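Below: one structure, written as structure tokens.
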Amino acid sequence: MGKDVQKKLADFIVDCRDESIAERLMTDMKYRVIDWLGCAVAGVHYPQSDIARRVFTGSGGLEEATVIGTGARYPAAMAAMVNGVIGHVSELDDGHRKAIGHPGSVTLPVALALGESLNVSGQAFLKALIIGYDVYIRLGQTVNPSHYAYWHTTGTCGTFAATATAASLMQLTPEQTCNALGISATLASGLVASFGSHAKALNVGHACQNGVYAALLAKEGFTGSPSAMMGEKGYVMATSDADSLAYFDRLSASELLSDTAFYKVYASCGHTNSPLDAIFSLMKEYAPDVKKIIGIKVETYRISVSLTAALKVKNEDEAKFSLPYCMAVAMLFGQVSLAEFQPEVLQAPDVLELAKKIEVVESELATARFPKRQAHVTVFMEDGQVYQCEVMDSTDVADFAMLEKKFLNLTHNVDRQASEEVLAFIKHMDQSAEIVPLLSYLRKI
């Protein structure tokens, strides 16, 4: 398929220079750091975070990098694993529509772990993240949508993104980086079947850990096949029906793709977003009396239907993948935040009553337009009135002021002054010779 593409990608990762990165990318990446950090604060005490911390830190090891929620340092790969879980569990982390997944969750934990152990500058930290995002977005768009039928892109393509981030920070040679990418190809995994369970976040943590391991092995001389990523028997061919590597045709700093990712505005699966956009728009325009609704029909694309159509409220993990539940709380509470996934809300009679009136069906037109995320919502009232709203793609509206507010809201349990100080630091971190203030904040979480 593309026997030389892996080598060219490795050259691109190594040759990317600070001065060639556009200022808009640096600014955008600072806010992605801010956004992920808020997600990590929100996720620090989830059950899966607590379990991962106990299991992976129990054996101790070299004091290289901070594991969030412990205030202590552990081996970098271990820290990347645990922090990867922590940063993803709240489902508030950023993503990319066409690449289908969350590039921040598989690059930030790696950059933090290696950034701390190697004492890198703010500029090097941000550059490595931009490179990691770029690799994720190119590869995710190459293999999807067919890949996503079984494979959790954040865990799979995320392994390569994590490796690219690690290779940049560790300043690997082109040969070492090519080997690291080859090693990644045999480590990358993660199934869509894990959605709704703790293992979904493990897919993410595993990608972070494997990215660090791939880079460490390659640095020591461990080899990986130069065709393992995109060759005839490589990862792309094995896990998708991709017939083109066009996204890798133009590898240059002027073509970096990191700011094409979106910021999350709902605390639920991304495949609920278009119907939620539609129902919020409909509620704003028509203000229907929720108590007089007799039925709601949601028509959207096949993947959204297969993953989110069922009413599931056993726990937060399930409910975030239940469109009837998410739609019901959106109408009743006017938001879909973490608060709407607390146990008392999951079992609230008025929420369940409304959720049971919501039918989610496939629209062949919406499926044909995927990865654009189309949804048509129809609300039927007691008096015969019918309200409708169609969204042709997720809006993903979030400006920098909104992201700062989101960060401060998510970190309300952390010292406010410390949160404001780290916010100010991140906004200027490219001018800093170190990332110590960011790491100091992690230890306060």
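Simple scheme: letters A, B, ... for chains in structure tokens order, numbers from 1 for residues in each chain, numbers from 1 for ligands in the order shown.
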Q: Using DSSP on the backbone, list every residue of stretch 45-245 of chain A that comes out as strand (DSSP E or B), and give them as an NGL selection string.
A: :A and (65-67 or 72-74 or 95-96 or 101 or 151 or 191)
Using only C-alpha atoms, what does the table of stretch 209-264 of chain A residues within 12 Å of stretch 171-181 of chain A look like, with each row giving the shortest atom pair and its distance in Å to one decimal, sorted by chain and ascending number, as CSV?
```
residue,atom,partner,partner_atom,distance
A:Asn210,CA,A:Ala180,CA,10.0
A:Gly211,CA,A:Ala180,CA,8.2
A:Val212,CA,A:Ala180,CA,9.3
A:Tyr213,CA,A:Ala180,CA,8.6
A:Ala214,CA,A:Ala180,CA,4.9
A:Ala215,CA,A:Ala180,CA,5.2
A:Leu216,CA,A:Ala180,CA,8.2
A:Leu217,CA,A:Ala180,CA,7.3
A:Ala218,CA,A:Gln176,CA,5.2
A:Lys219,CA,A:Gln176,CA,5.9
A:Glu220,CA,A:Gln176,CA,8.6
A:Gly221,CA,A:Gln176,CA,7.3
A:Phe222,CA,A:Asn179,CA,7.3
A:Thr223,CA,A:Asn179,CA,5.1
A:Gly224,CA,A:Asn179,CA,4.4
A:Ser225,CA,A:Asn179,CA,6.6
A:Pro226,CA,A:Cys178,CA,6.3
A:Ser227,CA,A:Cys178,CA,9.4
A:Ala228,CA,A:Leu181,CA,7.9
A:Met229,CA,A:Leu181,CA,7.0
A:Met230,CA,A:Leu181,CA,10.3
A:Gly234,CA,A:Leu181,CA,11.3
A:Tyr235,CA,A:Leu181,CA,10.7
```
With C-alpha atoms kept, could you save the residues just selected as a PDB file, in the first residue's frame?
```
ATOM      1  CA  ASN A 210       2.345   1.880  24.674  1.00  0.00           C
ATOM      2  CA  GLY A 211       3.387   5.120  23.004  1.00  0.00           C
ATOM      3  CA  VAL A 212       5.971   5.671  25.724  1.00  0.00           C
ATOM      4  CA  TYR A 213       7.149   2.059  25.605  1.00  0.00           C
ATOM      5  CA  ALA A 214       7.470   2.121  21.806  1.00  0.00           C
ATOM      6  CA  ALA A 215       9.678   5.215  21.957  1.00  0.00           C
ATOM      7  CA  LEU A 216      11.783   3.868  24.845  1.00  0.00           C
ATOM      8  CA  LEU A 217      12.346   0.544  23.087  1.00  0.00           C
ATOM      9  CA  ALA A 218      13.275   2.225  19.821  1.00  0.00           C
ATOM     10  CA  LYS A 219      15.740   4.511  21.562  1.00  0.00           C
ATOM     11  CA  GLU A 220      17.551   1.455  22.906  1.00  0.00           C
ATOM     12  CA  GLY A 221      17.809  -0.091  19.454  1.00  0.00           C
ATOM     13  CA  PHE A 222      14.680  -2.267  19.402  1.00  0.00           C
ATOM     14  CA  THR A 223      13.392  -2.514  15.837  1.00  0.00           C
ATOM     15  CA  GLY A 224       9.951  -2.417  14.294  1.00  0.00           C
ATOM     16  CA  SER A 225       8.984  -3.193  10.739  1.00  0.00           C
ATOM     17  CA  PRO A 226       9.124  -0.130   8.444  1.00  0.00           C
ATOM     18  CA  SER A 227       5.954  -1.398   6.747  1.00  0.00           C
ATOM     19  CA  ALA A 228       4.036  -2.356   9.899  1.00  0.00           C
ATOM     20  CA  MET A 229       1.957   0.802   9.819  1.00  0.00           C
ATOM     21  CA  MET A 230       0.963   1.154   6.169  1.00  0.00           C
ATOM     22  CA  GLY A 234       0.334  -3.418   7.913  1.00  0.00           C
ATOM     23  CA  TYR A 235      -2.029  -1.885  10.421  1.00  0.00           C
TER      24      TYR A 235
END
```
Q.
Nearest residue to A:Val110 out of A:Leu169, A:Val386, A:Cys39, A:Cys157, using only C-alpha atoms?
A.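 Among the listed residues, the smallest separation from A:Val110 belongs to A:Leu169.
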Q.
I'd like the neighbourhood of stretch 103-106 of chain A as a ChimeraX atom specification, where a residue qualifies if any of its atoms comes within 8 Å (using only C-alpha atoms), though same-chain residues fewer than 3 positions away should be ignored.
A. /A:32-33,36,84,87-88,93-96,109-110,132-133,136-137,154-155,158-159,161-162,204-205,207-208
Q | Counting only C-alpha atoms, the residue of A:His45, A:Leu191, A:Leu442, A:Ala418 that sits nearest A:His206 | A |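 With only C-alpha atoms as the atom set, the closest residue is A:Leu191.
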(Q) Under the rule that only C-alpha atoms are counted, which of A:Glu340, A:Asp11, A:Asp350, A:Glu116 is the nearest residue to A:Ala164? (A)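 Closest to A:Ala164 of all the choices is A:Asp11.
Rounded to one decimal, atom CA of A:Ala111 and atom CA of A:Ile130 lie 10.6 Å from each other.
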Q | Residue among A:Ser268, A:Asn144, A:Asn413, A:Asn315 lying closest to A:Val329, counting only C-alpha atoms | A |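 Checking each of A:Ser268, A:Asn144, A:Asn413, A:Asn315 against A:Val329, counting only C-alpha atoms, the winner is A:Ser268.
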**Q.** Selection near A:Val377, 7 Å with only C-alpha atoms, sequence-local residues under 6 positions removed, as a ChimeraX atom specification
**A.** /A:275,278-279,297-299,388-390
Take the residues just selected and output them with C-alpha atoms as an mmCIF file, in the first residue's frame.
```cif
data_model
loop_
_atom_site.group_PDB
_atom_site.id
_atom_site.type_symbol
_atom_site.label_atom_id
_atom_site.label_comp_id
_atom_site.auth_asym_id
_atom_site.auth_seq_id
_atom_site.Cartn_x
_atom_site.Cartn_y
_atom_site.Cartn_z
ATOM 1 C CA PRO A 275 -29.397 15.157 18.298
ATOM 2 C CA ALA A 278 -31.141 19.726 17.555
ATOM 3 C CA ILE A 279 -33.176 19.372 20.749
ATOM 4 C CA LYS A 297 -38.322 10.568 17.130
ATOM 5 C CA VAL A 298 -34.615 10.920 16.443
ATOM 6 C CA GLU A 299 -33.335 10.037 12.975
ATOM 7 C CA GLN A 388 -39.014 19.568 14.109
ATOM 8 C CA CYS A 389 -35.354 20.482 13.901
ATOM 9 C CA GLU A 390 -32.593 19.158 11.674
#
```
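Checking A:Ala328, A:Leu37, A:Leu245, A:Ile131 one by one against A:Tyr441, counting only C-alpha atoms, you find the shortest gap at A:Leu37.
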Q: Would you mind telling me which residue in A:Gly2, A:Pro349, A:Gly115, A:Gly190 lies nearest to A:Thr66 when using only C-alpha atoms?
A: A:Gly115
Q: List every residue of stretch 195-291 of chain A that DSSP, applied to the backbone, labels as alpha helix (DSSP H), and write the result as a VMD selection string.
A: chain A and resid 199 to 219 235 to 239 273 to 286
Quick one: residues within 8 Å of A:Glu364, only C-alpha atoms, excluding same-chain residues fewer than 3 positions away - as a tab-separated table (two decimals) with N, CA and C atoms, in the first residue's frame?
```tsv
chain	number	residue	atom	x	y	z
A	301	TYR	N	-27.47	8.85	12.05
A	301	TYR	CA	-26.63	7.90	11.31
A	301	TYR	C	-26.46	6.58	12.08
A	302	ARG	N	-26.10	5.55	11.33
A	302	ARG	CA	-26.10	4.18	11.84
A	302	ARG	C	-25.23	3.98	13.07
A	367	THR	N	-26.61	8.34	7.41
A	367	THR	CA	-25.55	7.33	7.35
A	367	THR	C	-24.65	7.57	6.14
A	368	ALA	N	-25.25	7.93	5.03
A	368	ALA	CA	-24.48	8.18	3.81
A	368	ALA	C	-23.59	9.40	3.95
```
